[in-house]
Structure formats: C-alpha cells, structure tokens
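Below is data-v3.pdb, holding PDB, C-alpha atoms.
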```pdb
ATOM      1  CA  MET A 154     124.813 -10.812 -24.524
ATOM      2  CA  LYS A 155     121.276  -9.524 -25.212
ATOM      3  CA  ILE A 156     117.942 -11.208 -24.617
ATOM      4  CA  THR A 157     115.004 -10.056 -26.775
ATOM      5  CA  GLU A 158     111.472 -11.230 -26.970
ATOM      6  CA  ASN A 159     109.583 -11.822 -30.249
ATOM      7  CA  ASN A 160     105.764 -11.816 -30.234
ATOM      8  CA  ASN A 161     104.387 -13.635 -33.201
ATOM      9  CA  HIS A 162     100.636 -13.917 -32.941
ATOM     10  CA  ASP A 163     100.437 -15.766 -36.188
ATOM     11  CA  GLU A 164     102.397 -18.605 -34.774
ATOM     12  CA  GLN A 165     100.542 -18.118 -31.470
ATOM     13  CA  CYS A 166     103.695 -18.565 -29.408
ATOM     14  CA  GLU A 167     106.225 -16.514 -27.624
ATOM     15  CA  SER A 168     109.939 -16.804 -28.128
ATOM     16  CA  CYS A 169     113.117 -15.148 -26.990
ATOM     17  CA  ARG A 170     116.486 -14.690 -28.518
ATOM     18  CA  ILE A 171     119.775 -14.759 -26.627
ATOM     19  CA  ILE A 172     122.595 -13.003 -28.464
ATOM     20  CA  LEU A 173     125.868 -14.651 -27.476
ATOM     21  CA  PRO A 174     129.338 -13.192 -27.969
ATOM     22  CA  GLY A 175     130.370 -13.223 -31.615
ATOM     23  CA  ASN A 176     126.835 -12.250 -32.685
ATOM     24  CA  LYS A 177     125.664 -15.789 -32.319
ATOM     25  CA  VAL A 178     121.966 -15.998 -31.678
ATOM     26  CA  PHE A 179     120.309 -18.624 -29.476
ATOM     27  CA  SER A 180     116.541 -18.728 -29.772
ATOM     28  CA  CYS A 181     114.203 -20.399 -27.334
ATOM     29  CA  SER A 182     110.568 -20.347 -26.576
ATOM     30  CA  ALA A 183     109.205 -18.631 -23.477
ATOM     31  CA  GLY A 184     108.411 -21.995 -21.925
ATOM     32  CA  SER A 185     111.955 -23.178 -22.408
ATOM     33  CA  PHE A 186     113.267 -19.962 -20.913
ATOM     34  CA  LYS A 187     111.163 -20.473 -17.793
ATOM     35  CA  TRP A 188     112.581 -23.943 -17.399
ATOM     36  CA  LEU A 189     116.063 -22.521 -17.739
ATOM     37  CA  VAL A 190     115.294 -20.049 -14.963
ATOM     38  CA  VAL A 191     113.957 -22.820 -12.765
ATOM     39  CA  LEU A 192     116.998 -24.976 -13.523
ATOM     40  CA  GLY A 193     119.314 -22.067 -12.660
ATOM     41  CA  ALA A 194     117.470 -21.496  -9.403
ATOM     42  CA  ILE A 195     117.795 -25.185  -8.573
ATOM     43  CA  ILE A 196     121.527 -25.084  -9.303
ATOM     44  CA  ILE A 197     121.987 -21.974  -7.144
ATOM     45  CA  LEU A 198     119.958 -23.535  -4.340
ATOM     46  CA  ALA A 199     121.986 -26.737  -4.572
ATOM     47  CA  SER A 200     125.243 -24.760  -4.515
ATOM     48  CA  VAL A 201     124.124 -22.805  -1.449
ATOM     49  CA  SER A 202     123.039 -26.035   0.262
ATOM     50  CA  ALA A 203     126.314 -27.752  -0.592
ATOM     51  CA  ALA A 204     128.282 -24.751   0.677
ATOM     52  CA  GLY A 205     126.274 -24.793   3.892
ATOM     53  CA  TYR A 206     126.753 -28.542   4.328
ATOM     54  CA  PHE A 207     130.488 -28.447   3.723
ATOM     55  CA  GLY A 208     130.796 -25.384   5.928
ATOM     56  CA  TYR A 209     129.041 -27.245   8.723
ATOM     57  CA  ARG A 210     131.266 -30.292   8.160
ATOM     58  CA  LEU A 211     134.351 -28.056   8.316
ATOM     59  CA  TYR A 212     133.137 -26.538  11.569
ATOM     60  CA  GLN A 213     132.399 -30.022  12.926
ATOM     61  CA  PHE A 214     135.837 -31.252  11.836
ATOM     62  CA  ARG A 215     137.580 -28.364  13.558
ATOM     63  CA  SER A 216     135.564 -28.981  16.731
ATOM     64  CA  GLU A 217     136.434 -32.673  16.652
ATOM     65  CA  GLN A 218     140.083 -31.814  15.996
ATOM     66  CA  GLN A 219     140.148 -29.517  19.036
ATOM     67  CA  ALA A 220     138.416 -32.147  21.167
ATOM     68  CA  PHE A 221     140.958 -34.752  20.010
ATOM     69  CA  ALA A 222     143.847 -32.439  20.861
ATOM     70  CA  GLU A 223     142.377 -31.875  24.338
ATOM     71  CA  TYR A 224     141.932 -35.646  24.720
ATOM     72  CA  GLN A 225     145.566 -36.240  23.747
ATOM     73  CA  GLN A 226     146.751 -33.626  26.244
ATOM     74  CA  HIS A 227     144.600 -35.140  28.987
ATOM     75  CA  LYS A 228     145.840 -38.619  28.106
ATOM     76  CA  ALA A 229     149.471 -37.430  28.216
ATOM     77  CA  GLU A 230     148.885 -35.874  31.645
ATOM     78  CA  GLU A 231     147.310 -39.104  32.891
ATOM     79  CA  GLN A 232     150.208 -41.142  31.535
ATOM     80  CA  ALA A 233     152.711 -38.798  33.219
ATOM     81  CA  ALA A 234     150.832 -39.094  36.528
ATOM     82  CA  LEU A 235     150.708 -42.873  36.171
ATOM     83  CA  GLN A 236     154.442 -43.021  35.397
ATOM     84  CA  LYS A 237     155.162 -40.935  38.508
ATOM     85  CA  MET A 238     153.086 -43.353  40.572
ATOM     86  CA  LEU A 239     155.036 -46.269  39.088
ATOM     87  CA  ASN A 240     158.368 -44.571  39.905
ATOM     88  CA  ASP A 241     157.231 -43.783  43.458
ATOM     89  CA  ASN A 242     155.987 -47.338  43.883
ATOM     90  CA  GLU A 243     159.305 -48.759  42.650
ATOM     91  CA  LYS A 244     161.241 -46.602  45.115
ATOM     92  CA  MET A 245     158.961 -47.609  47.997
ATOM     93  CA  LEU A 246     159.356 -51.291  47.139
ATOM     94  CA  ARG A 247     163.138 -50.927  47.044
ATOM     95  CA  ASP A 248     163.134 -48.976  50.307
ATOM     96  CA  MET A 249     160.985 -51.632  51.961
ATOM     97  CA  ALA A 250     163.270 -54.450  50.809
ATOM     98  CA  GLU A 251     166.383 -52.559  51.909
ATOM     99  CA  LEU A 252     164.951 -51.719  55.313
ATOM    100  CA  SER A 253     163.916 -55.320  55.880
ATOM    101  CA  ASN A 254     167.358 -56.577  54.877
ATOM    102  CA  LEU A 255     169.043 -53.950  57.014
ATOM    103  CA  GLU A 256     166.986 -54.868  60.060
ATOM    104  CA  LYS A 257     167.734 -58.570  59.588
ATOM    105  CA  LYS A 258     171.408 -57.780  59.084
ATOM    106  CA  LEU A 259     171.501 -55.758  62.284
ATOM    107  CA  ARG A 260     169.864 -58.524  64.239
ATOM    108  CA  ARG A 261     171.996 -61.259  62.673
ATOM    109  CA  THR A 262     175.458 -59.713  62.965
ATOM    110  CA  LEU A 263     175.568 -56.862  65.439
ATOM    111  CA  ILE A 264     173.410 -58.590  68.024
ATOM    112  CA  ARG A 265     176.417 -60.772  68.825
ATOM    113  CA  GLU A 266     178.244 -57.711  70.147
ATOM    114  CA  VAL A 267     175.572 -56.655  72.653
ATOM    115  CA  ASP A 268     172.995 -58.256  74.893
ATOM    116  CA  SER A 269     170.985 -60.412  72.509
ATOM    117  CA  ASN A 270     168.120 -60.615  74.988
ATOM    118  CA  LYS A 271     167.327 -56.997  74.108
ATOM    119  CA  PHE A 272     166.531 -58.008  70.539
ATOM    120  CA  LEU A 273     165.024 -61.446  70.225
ATOM    121  CA  SER A 274     162.957 -62.133  73.281
ATOM    122  CA  GLY A 275     160.000 -64.455  73.025
ATOM    123  CA  ASN A 276     157.619 -61.513  72.858
ATOM    124  CA  ASP A 277     159.589 -59.925  70.023
ATOM    125  CA  VAL A 278     159.418 -63.136  67.990
ATOM    126  CA  ALA A 279     155.690 -63.376  68.594
ATOM    127  CA  ASN A 280     155.241 -59.725  67.611
ATOM    128  CA  GLU A 281     157.213 -60.264  64.400
ATOM    129  CA  GLN A 282     155.039 -63.265  63.518
ATOM    130  CA  GLN A 283     151.889 -61.255  64.149
ATOM    131  CA  GLU A 284     153.216 -58.397  62.027
ATOM    132  CA  ALA A 285     154.053 -60.789  59.182
ATOM    133  CA  ALA A 286     150.544 -62.247  59.352
ATOM    134  CA  ARG A 287     149.013 -58.750  59.335
ATOM    135  CA  TYR A 288     150.858 -57.824  56.147
ATOM    136  CA  LEU A 289     150.176 -60.969  54.128
ATOM    137  CA  GLY A 290     149.426 -59.727  50.622
ATOM    138  CA  GLN A 291     146.766 -60.998  48.271
ATOM    139  CA  GLY A 292     146.467 -60.968  44.514
ATOM    140  CA  GLY A 293     146.376 -63.078  41.400
ATOM    141  CA  PRO A 294     147.404 -63.204  37.756
ATOM    142  CA  ARG A 295     145.724 -60.824  35.355
ATOM    143  CA  GLU A 296     146.349 -60.909  31.626
ATOM    144  CA  SER A 297     145.864 -57.165  31.299
ATOM    145  CA  MET A 298     144.883 -54.161  33.371
ATOM    146  CA  GLY A 299     143.567 -50.765  32.401
ATOM    147  CA  ALA A 300     144.961 -47.477  33.656
ATOM    148  CA  ASN A 301     142.320 -47.182  36.385
ATOM    149  CA  GLU A 302     143.063 -50.695  37.653
ATOM    150  CA  ILE A 303     146.809 -49.986  37.690
ATOM    151  CA  LYS A 304     146.201 -46.787  39.669
ATOM    152  CA  ALA A 305     144.063 -48.654  42.196
ATOM    153  CA  VAL A 306     146.751 -51.329  42.645
ATOM    154  CA  LEU A 307     149.522 -48.736  43.066
ATOM    155  CA  GLN A 308     147.500 -46.703  45.559
ATOM    156  CA  ALA A 309     146.806 -49.810  47.650
ATOM    157  CA  GLN A 310     150.457 -50.862  47.522
ATOM    158  CA  ASN A 311     151.785 -47.402  48.354
ATOM    159  CA  GLN A 312     149.454 -47.062  51.332
ATOM    160  CA  ASN A 313     150.438 -50.433  52.802
ATOM    161  CA  ILE A 314     154.132 -50.131  52.028
ATOM    162  CA  GLY A 315     154.269 -46.579  53.399
ATOM    163  CA  GLN A 316     152.966 -47.825  56.729
ATOM    164  CA  MET A 317     155.446 -50.709  56.718
ATOM    165  CA  ILE A 318     158.381 -48.407  55.894
ATOM    166  CA  ALA A 319     157.487 -46.093  58.783
ATOM    167  CA  GLU A 320     157.360 -49.046  61.177
ATOM    168  CA  ARG A 321     160.626 -50.505  59.863
ATOM    169  CA  LYS A 322     162.389 -47.147  60.250
ATOM    170  CA  SER A 323     161.208 -46.959  63.838
ATOM    171  CA  SER A 324     162.426 -50.501  64.504
ATOM    172  CA  VAL A 325     165.838 -49.848  62.939
ATOM    173  CA  SER A 326     166.211 -46.613  64.931
ATOM    174  CA  GLU A 327     165.484 -48.475  68.151
ATOM    175  CA  LEU A 328     168.059 -51.119  67.259
ATOM    176  CA  LEU A 329     170.693 -48.485  66.564
ATOM    177  CA  GLN A 330     169.964 -46.718  69.838
ATOM    178  CA  ILE A 331     170.324 -49.960  71.786
ATOM    179  CA  ILE A 332     173.523 -50.947  69.989
ATOM    180  CA  GLY A 333     174.882 -47.428  70.283
ATOM    181  CA  GLY A 334     174.701 -47.718  74.059
ATOM    182  CA  SER A 335     177.366 -50.422  74.054
ATOM    183  CA  SER A 336     180.955 -49.203  74.346
ATOM    184  CA  GLY A 337     182.669 -49.150  70.985
ATOM    185  CA  SER A 338     180.430 -51.821  69.471
ATOM    186  CA  LEU A 339     179.567 -49.585  66.519
ATOM    187  CA  ALA A 340     183.115 -48.769  65.483
ATOM    188  CA  ALA A 341     182.643 -50.971  62.432
ATOM    189  CA  PHE A 342     179.080 -49.817  61.666
ATOM    190  CA  PRO A 343     178.945 -47.082  58.945
ATOM    191  CA  ASP A 344     176.771 -44.524  60.692
ATOM    192  CA  LYS A 345     179.107 -41.488  60.771
ATOM    193  CA  TRP A 346     178.541 -38.677  58.248
ATOM    194  CA  PRO A 347     181.426 -38.662  55.734
ATOM    195  CA  VAL A 348     181.693 -34.842  55.891
ATOM    196  CA  GLN A 349     181.170 -32.415  58.734
ATOM    197  CA  ASP A 350     178.911 -29.958  56.954
ATOM    198  CA  GLY A 351     177.015 -29.865  53.662
ATOM    199  CA  GLU A 352     173.540 -30.744  52.428
ATOM    200  CA  ILE A 353     172.195 -33.726  50.500
ATOM    201  CA  SER A 354     171.996 -32.492  46.909
ATOM    202  CA  SER A 355     170.806 -35.796  45.424
ATOM    203  CA  PRO A 356     169.178 -38.579  47.470
ATOM    204  CA  TYR A 357     169.349 -42.311  46.952
ATOM    205  CA  GLY A 358     167.074 -43.837  44.299
ATOM    206  CA  SER A 359     165.681 -42.906  40.910
ATOM    207  CA  ARG A 360     166.437 -39.416  39.652
ATOM    208  CA  VAL A 361     166.887 -37.315  36.518
ATOM    209  CA  GLY A 362     170.491 -37.531  35.314
ATOM    210  CA  PRO A 363     172.409 -34.375  36.350
ATOM    211  CA  ILE A 364     174.181 -33.967  33.003
ATOM    212  CA  GLU A 365     172.462 -35.888  30.211
ATOM    213  CA  GLY A 366     168.963 -36.015  31.710
ATOM    214  CA  GLY A 367     166.747 -39.090  31.576
ATOM    215  CA  TYR A 368     165.941 -41.345  34.491
ATOM    216  CA  GLU A 369     168.733 -43.241  36.223
ATOM    217  CA  TRP A 370     169.242 -45.144  39.469
ATOM    218  CA  HIS A 371     171.437 -43.357  41.995
ATOM    219  CA  GLN A 372     172.800 -45.929  44.468
ATOM    220  CA  GLY A 373     174.169 -43.491  46.978
ATOM    221  CA  ILE A 374     173.658 -39.957  48.283
ATOM    222  CA  ASP A 375     175.441 -36.804  47.116
ATOM    223  CA  ILE A 376     176.433 -34.376  49.853
ATOM    224  CA  ALA A 377     177.305 -30.928  48.496
ATOM    225  CA  VAL A 378     180.094 -29.200  50.409
ATOM    226  CA  ASP A 379     183.043 -26.868  49.717
ATOM    227  CA  PHE A 380     186.139 -27.930  47.801
ATOM    228  CA  GLY A 381     188.821 -29.360  50.064
ATOM    229  CA  ALA A 382     186.572 -30.265  52.981
ATOM    230  CA  PRO A 383     187.829 -33.422  54.749
ATOM    231  CA  VAL A 384     186.121 -36.730  53.972
ATOM    232  CA  TYR A 385     185.928 -39.097  56.958
ATOM    233  CA  ALA A 386     185.638 -42.880  57.139
ATOM    234  CA  SER A 387     182.100 -43.608  58.312
ATOM    235  CA  ALA A 388     183.332 -46.696  60.214
ATOM    236  CA  ALA A 389     186.541 -48.566  61.004
ATOM    237  CA  GLY A 390     187.804 -51.030  58.448
ATOM    238  CA  LYS A 391     190.267 -51.922  55.733
ATOM    239  CA  VAL A 392     190.679 -49.856  52.559
ATOM    240  CA  GLU A 393     189.842 -52.105  49.609
ATOM    241  CA  GLN A 394     190.342 -49.586  46.825
ATOM    242  CA  ALA A 395     191.883 -46.118  46.626
ATOM    243  CA  GLY A 396     192.366 -44.416  43.269
ATOM    244  CA  TRP A 397     190.613 -43.351  40.096
ATOM    245  CA  ASN A 398     187.414 -45.281  39.330
ATOM    246  CA  GLY A 399     185.712 -44.103  36.107
ATOM    247  CA  GLY A 400     182.719 -41.844  36.696
ATOM    248  CA  TYR A 401     183.365 -41.916  40.451
ATOM    249  CA  GLY A 402     186.581 -39.992  39.896
ATOM    250  CA  ARG A 403     188.949 -40.284  42.857
ATOM    251  CA  TYR A 404     187.377 -43.062  44.855
ATOM    252  CA  VAL A 405     187.828 -44.993  48.117
ATOM    253  CA  ARG A 406     186.020 -48.172  49.196
ATOM    254  CA  ILE A 407     186.322 -49.553  52.741
ATOM    255  CA  ASP A 408     185.421 -53.017  54.041
ATOM    256  CA  HIS A 409     184.026 -52.786  57.580
ATOM    257  CA  GLY A 410     183.389 -56.499  58.110
ATOM    258  CA  ASN A 411     180.108 -58.316  58.791
ATOM    259  CA  GLY A 412     179.149 -57.692  55.147
ATOM    260  CA  TYR A 413     179.287 -53.870  55.386
ATOM    261  CA  GLU A 414     181.190 -51.668  52.944
ATOM    262  CA  SER A 415     181.228 -47.928  52.292
ATOM    263  CA  ALA A 416     182.376 -46.016  49.208
ATOM    264  CA  TYR A 417     183.314 -42.364  48.595
ATOM    265  CA  GLY A 418     183.593 -40.686  45.193
ATOM    266  CA  HIS A 419     184.494 -37.456  43.341
ATOM    267  CA  MET A 420     187.236 -36.474  45.795
ATOM    268  CA  SER A 421     189.922 -33.944  44.862
ATOM    269  CA  SER A 422     192.645 -36.002  46.542
ATOM    270  CA  ILE A 423     192.993 -39.259  48.486
ATOM    271  CA  ALA A 424     194.741 -39.597  51.846
ATOM    272  CA  VAL A 425     194.821 -43.414  52.213
ATOM    273  CA  GLU A 426     196.096 -46.448  50.298
ATOM    274  CA  ALA A 427     194.609 -49.831  49.477
ATOM    275  CA  GLY A 428     195.230 -52.348  52.274
ATOM    276  CA  GLN A 429     195.460 -49.675  54.951
ATOM    277  CA  GLN A 430     193.481 -50.002  58.197
ATOM    278  CA  VAL A 431     191.484 -46.894  59.106
ATOM    279  CA  SER A 432     189.589 -45.928  62.231
ATOM    280  CA  LYS A 433     186.142 -44.435  62.412
ATOM    281  CA  GLY A 434     186.292 -40.708  61.660
ATOM    282  CA  GLU A 435     189.780 -40.847  60.122
ATOM    283  CA  ILE A 436     190.365 -38.537  57.132
ATOM    284  CA  ILE A 437     190.513 -40.580  53.925
ATOM    285  CA  GLY A 438     190.453 -37.754  51.377
ATOM    286  CA  PHE A 439     189.142 -34.317  50.456
ATOM    287  CA  VAL A 440     186.017 -33.113  48.681
ATOM    288  CA  GLY A 441     186.286 -32.369  44.962
ATOM    289  CA  SER A 442     184.445 -32.729  41.669
ATOM    290  CA  SER A 443     186.430 -35.411  39.847
ATOM    291  CA  GLY A 444     184.747 -37.861  37.464
ATOM    292  CA  TYR A 445     181.086 -37.548  36.448
ATOM    293  CA  SER A 446     180.263 -34.495  38.526
ATOM    294  CA  THR A 447     178.796 -31.012  38.117
ATOM    295  CA  GLY A 448     180.265 -29.465  41.265
ATOM    296  CA  PRO A 449     182.001 -30.106  44.591
ATOM    297  CA  HIS A 450     180.395 -32.898  46.615
ATOM    298  CA  VAL A 451     181.074 -36.354  47.976
ATOM    299  CA  HIS A 452     179.170 -39.340  46.633
ATOM    300  CA  TYR A 453     178.615 -41.744  49.542
ATOM    301  CA  GLU A 454     177.455 -45.371  49.263
ATOM    302  CA  VAL A 455     176.811 -48.160  51.738
ATOM    303  CA  LEU A 456     176.672 -51.798  50.661
ATOM    304  CA  VAL A 457     175.294 -54.686  52.719
ATOM    305  CA  ASP A 458     176.351 -58.127  51.490
ATOM    306  CA  GLY A 459     177.300 -56.527  48.171
ATOM    307  CA  GLN A 460     173.944 -54.781  47.664
ATOM    308  CA  ALA A 461     173.638 -50.990  47.785
ATOM    309  CA  VAL A 462     171.223 -49.641  50.388
ATOM    310  CA  ASP A 463     170.085 -46.125  51.251
ATOM    311  CA  PRO A 464     172.876 -44.756  53.513
ATOM    312  CA  TYR A 465     170.519 -42.231  55.056
ATOM    313  CA  TYR A 466     168.839 -44.938  57.144
ATOM    314  CA  MET A 467     172.130 -45.660  58.912
ATOM    315  CA  LEU A 468     173.577 -42.208  59.442
ATOM    316  CA  LYS A 469     173.351 -40.668  62.895
ATOM    317  CA  SER A 470     172.171 -37.124  63.396
ATOM    318  CA  LYS A 471     174.888 -34.632  62.432
ATOM    319  CA  GLU A 472     177.062 -33.765  65.378
TER     320      GLU A 472
END
```

Same coordinates, now as structure tokens:
Amino acid sequence: MKITENNNHDEQCESCRIILPGNKVFSCSAGSFKWLVVLGAIIILASVSAAGYFGYRLYQFRSEQQAFAEYQQHKAEEQAALQKMLNDNEKMLRDMAELSNLEKKLRRTLIREVDSNKFLSGNDVANEQQEAARYLGQGGPRESMGANEIKAVLQAQNQNIGQMIAERKSSVSELLQIIGGSSGSLAAFPDKWPVQDGEISSPYGSRVGPIEGGYEWHQGIDIAVDFGAPVYASAAGKVEQAGWNGGYGRYVRIDHGNGYESAYGHMSSIAVEAGQQVSKGEIIGFVGSSGYSTGPHVHYEVLVDGQAVDPYYMLKSKE
C-alpha cells in the first residue's frame, strides 16, 4: 500500500491517495487524513487503556483468589480446632458422669462391707451439699451461636469440668484406699490389672479407628503385651460368657455382683467356661490378636449397672 500526496493549487486543496492491494486507489483530502490519524490514535489509546484496565482486574482477581484460598485454609484450621475442642469436651463430660456414677456406686454398694461411718458422716454430707451448690451451672436457650461463642462455652465448661474430674478422682482414690484396708472386701471389685506387664496402647473414649480410620467410641482400654501372656480375672465372680464374640474375637465376660462386670477380648485361647466361678487373679485365658485386632493385646472393659466406664479409674497400681 502506498500513500501519495497531490497538490492541486487550482482546486486550492490538498489530497492524498492510498493505494490498496489490487491497485485499488482510495483518495482522501488532507483534512480527512488528519482525522483518520486522530481516530487511529484514539483507538490505540483506548486499546492500551483497556489492556491496562483488564490487566489490573486480572491482578486484582488473582490477589482476591489468593486471599480467599488463605481464608479457606484459616477457616478449615479453625473448624479443626473447634472440632477437637468439641471432642475433648465430650470426653470430659463422659468422664465426669462416669466418675460421679462410680463414686455413688462405691458408696451405695461397697460401703455395706466396711465401716459406713468412714464414708457418710454428717460432715461428709454437708461437704457434698456445699460442693453441689458450688458447681451449680447456669445457662439458657440460644437459637444459634457463632464459632467464637461456642469456643467460649467449651472453654468455660472444660475449665469447670476439669476441676471437678480432678476432685472426683481424688475422692474415688480415697474411697478405694479405705475399702482396700478391709480384709478381702475387694475380692469382687475389678481393680486388678488383667495382665502382668504391657502398656496401654489405646485408652478409653473417642479415638481414630485402628484399621478403617474415622472416629469411633472405644469403651475399654487396650493393653499391648506379648502373645500367650496370661490374662487374669480382675475380680472374683461368675463367668457369664466364654467363646467367640464377633469383633472381640475370643472373649470372656465375668459378673462380679453389685452391678459390676468385666470383659476381656482378642485372646488367643480361653481357659474358663460359662457358668464357672473364678477367683480374683485366676487365669481365664491368654493374650492373642483374634477378632478386630492389629496385634497382640487384651481389650479390657468394666461395666457398672450395664454401662461401660473407664477401667483405668478402678485399676490399682501395677504390682
């Protein structure tokens, strides 16, 4: 394409010719050409401005996208922390209820076998009433609560319940020490460790499933120990069940009377039969990994009036 100028003084005007491909000629006056230049400049300026605007918007979008991703990550971390607080709170509430029931059970049933004056004197009753008054809770219905409000409630609950659990543990320990001083009165109380050695590999309460993952409620304790180690009856009583029991594998359950029962799972073999009377410390089987198990251990449960409680609160120190 060629642009040529044509000066024609007779017509007193200036013109230009634009030769397009194919020898086509486009003629325009100088004034029109200037307007074309101005129009082109405007178009270029608009294009540059639009490119700058959209570039800025792209940068802003990417910044907002990064900020949103950081917000999501922070929110996920907060939700995980809140869920942990909820799980801890649930366990503390269960522990508190179980300790309270255990203490009442001890006072109600085993007191009859020892000097009851050591347990329920007038001062003790007054102290219990004062303690109950000190722990009276307060609250009210709320249609909805935000995350911060839930955290505040859980923190307040955990602080109060933690103090109560510590005091209940101390009270139960004192009761056991007093009862333990009586000759043979604890033969039917499940406080003997079911194995001689070993370590607790999974405590009582909520946990991550050992095989399939996910949260589950573990209503006993797992004590990891070598294959074939003897399993002892934690108290005297009558064998209610002895045999295979689903995920428990080879399983024994003993009724100790006064509402107490103990159960033993995952054994390699069983040394007792249903209906048999056993003494405290008698061998009832041997450690194995039968049923729903990842390795050698004994699963040990204690039930009070049909409800599972944390056996650890009852067990004496290992001999």

What does the structure give for the distance between CA of Phe380 in chain A and CA of Gly441 in chain A, in Å to one decimal?
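Value for the CA of Phe380 in chain A-CA of Gly441 in chain A distance: 5.3 Å.
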
Go through A:Pro464, A:Gly315, A:Gly193, A:Gly444 and flag the residue nearest Pro347 in chain A, using all atoms listed in the file for the distances.
A:Pro464

Could you pull the residues within 7 Å of Gly438 in chain A, counting all atoms listed in the file, minus those fewer than 3 positions along the same chain, as a list in words?
Pro383, Val384, Met420, Ser422, Ile423 and Ala424 of chain A

Just write the chosen residues, C-alpha atoms, as a PDB file, keeping the file's coordinate frame.
```pdb
ATOM      1  CA  PRO A 383     187.829 -33.422  54.749  1.00  0.00           C
ATOM      2  CA  VAL A 384     186.121 -36.730  53.972  1.00  0.00           C
ATOM      3  CA  MET A 420     187.236 -36.474  45.795  1.00  0.00           C
ATOM      4  CA  SER A 422     192.645 -36.002  46.542  1.00  0.00           C
ATOM      5  CA  ILE A 423     192.993 -39.259  48.486  1.00  0.00           C
ATOM      6  CA  ALA A 424     194.741 -39.597  51.846  1.00  0.00           C
TER       7      ALA A 424
END
```

State, in Å with one decimal place, the distance from CA of Lys322 in chain A to CA of Glu369 in chain A.
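Calculated distance between CA of Lys322 in chain A and CA of Glu369 in chain A is 25.2 Å.
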
Please evaluate the PyMOL selection byres ((chain A and resi 397-408) around 10) against the structure above and give the resulting residues as number ranges by chain.
A: 341, 343, 386-396, 409-431, 437-446, 451-456

Select range 240-254 of chain A in the preceding structure and write N, CA, C and O atoms to a file as an mmCIF file, in the first residue's frame.
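Done, and the output landed in decode.cif:
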```cif
data_model
loop_
_atom_site.group_PDB
_atom_site.id
_atom_site.type_symbol
_atom_site.label_atom_id
_atom_site.label_comp_id
_atom_site.auth_asym_id
_atom_site.auth_seq_id
_atom_site.Cartn_x
_atom_site.Cartn_y
_atom_site.Cartn_z
ATOM 1 N N ASN A 240 -14.652 -32.603 70.746
ATOM 2 C CA ASN A 240 -14.326 -33.986 71.109
ATOM 3 C C ASN A 240 -13.793 -34.060 72.546
ATOM 4 O O ASN A 240 -14.168 -34.955 73.314
ATOM 5 N N ASP A 241 -12.893 -33.114 72.886
ATOM 6 C CA ASP A 241 -12.343 -33.096 74.242
ATOM 7 C C ASP A 241 -13.449 -32.844 75.265
ATOM 8 O O ASP A 241 -13.480 -33.461 76.338
ATOM 9 N N ASN A 242 -14.345 -31.917 74.912
ATOM 10 C CA ASN A 242 -15.446 -31.598 75.819
ATOM 11 C C ASN A 242 -16.358 -32.806 76.024
ATOM 12 O O ASN A 242 -16.785 -33.098 77.153
ATOM 13 N N GLU A 243 -16.629 -33.533 74.937
ATOM 14 C CA GLU A 243 -17.485 -34.725 75.037
ATOM 15 C C GLU A 243 -16.838 -35.761 75.950
ATOM 16 O O GLU A 243 -17.510 -36.366 76.798
ATOM 17 N N LYS A 244 -15.538 -35.968 75.788
ATOM 18 C CA LYS A 244 -14.839 -36.948 76.630
ATOM 19 C C LYS A 244 -14.861 -36.523 78.092
ATOM 20 O O LYS A 244 -15.080 -37.348 79.000
ATOM 21 N N MET A 245 -14.652 -35.231 78.355
ATOM 22 C CA MET A 245 -14.659 -34.745 79.733
ATOM 23 C C MET A 245 -16.042 -34.904 80.356
ATOM 24 O O MET A 245 -16.167 -35.278 81.536
ATOM 25 N N LEU A 246 -17.086 -34.633 79.588
ATOM 26 C CA LEU A 246 -18.443 -34.801 80.101
ATOM 27 C C LEU A 246 -18.726 -36.265 80.434
ATOM 28 O O LEU A 246 -19.315 -36.578 81.473
ATOM 29 N N ARG A 247 -18.294 -37.163 79.546
ATOM 30 C CA ARG A 247 -18.476 -38.591 79.808
ATOM 31 C C ARG A 247 -17.674 -39.023 81.036
ATOM 32 O O ARG A 247 -18.161 -39.777 81.894
ATOM 33 N N ASP A 248 -16.424 -38.551 81.120
ATOM 34 C CA ASP A 248 -15.593 -38.908 82.266
ATOM 35 C C ASP A 248 -16.226 -38.420 83.565
ATOM 36 O O ASP A 248 -16.223 -39.135 84.579
ATOM 37 N N MET A 249 -16.765 -37.191 83.531
ATOM 38 C CA MET A 249 -17.373 -36.641 84.737
ATOM 39 C C MET A 249 -18.572 -37.472 85.148
ATOM 40 O O MET A 249 -18.750 -37.792 86.338
ATOM 41 N N ALA A 250 -19.419 -37.832 84.191
ATOM 42 C CA ALA A 250 -20.608 -38.633 84.505
ATOM 43 C C ALA A 250 -20.210 -40.001 85.051
ATOM 44 O O ALA A 250 -20.806 -40.501 86.020
ATOM 45 N N GLU A 251 -19.189 -40.605 84.431
ATOM 46 C CA GLU A 251 -18.758 -41.938 84.866
ATOM 47 C C GLU A 251 -18.139 -41.906 86.256
ATOM 48 O O GLU A 251 -18.395 -42.789 87.089
ATOM 49 N N LEU A 252 -17.350 -40.869 86.526
ATOM 50 C CA LEU A 252 -16.747 -40.752 87.848
ATOM 51 C C LEU A 252 -17.811 -40.539 88.919
ATOM 52 O O LEU A 252 -17.747 -41.116 90.006
ATOM 53 N N SER A 253 -18.791 -39.706 88.610
ATOM 54 C CA SER A 253 -19.867 -39.464 89.570
ATOM 55 C C SER A 253 -20.645 -40.746 89.845
ATOM 56 O O SER A 253 -20.947 -41.068 90.997
ATOM 57 N N ASN A 254 -20.958 -41.475 88.768
ATOM 58 C CA ASN A 254 -21.688 -42.740 88.950
ATOM 59 C C ASN A 254 -20.854 -43.754 89.714
ATOM 60 O O ASN A 254 -21.367 -44.503 90.552
#
```
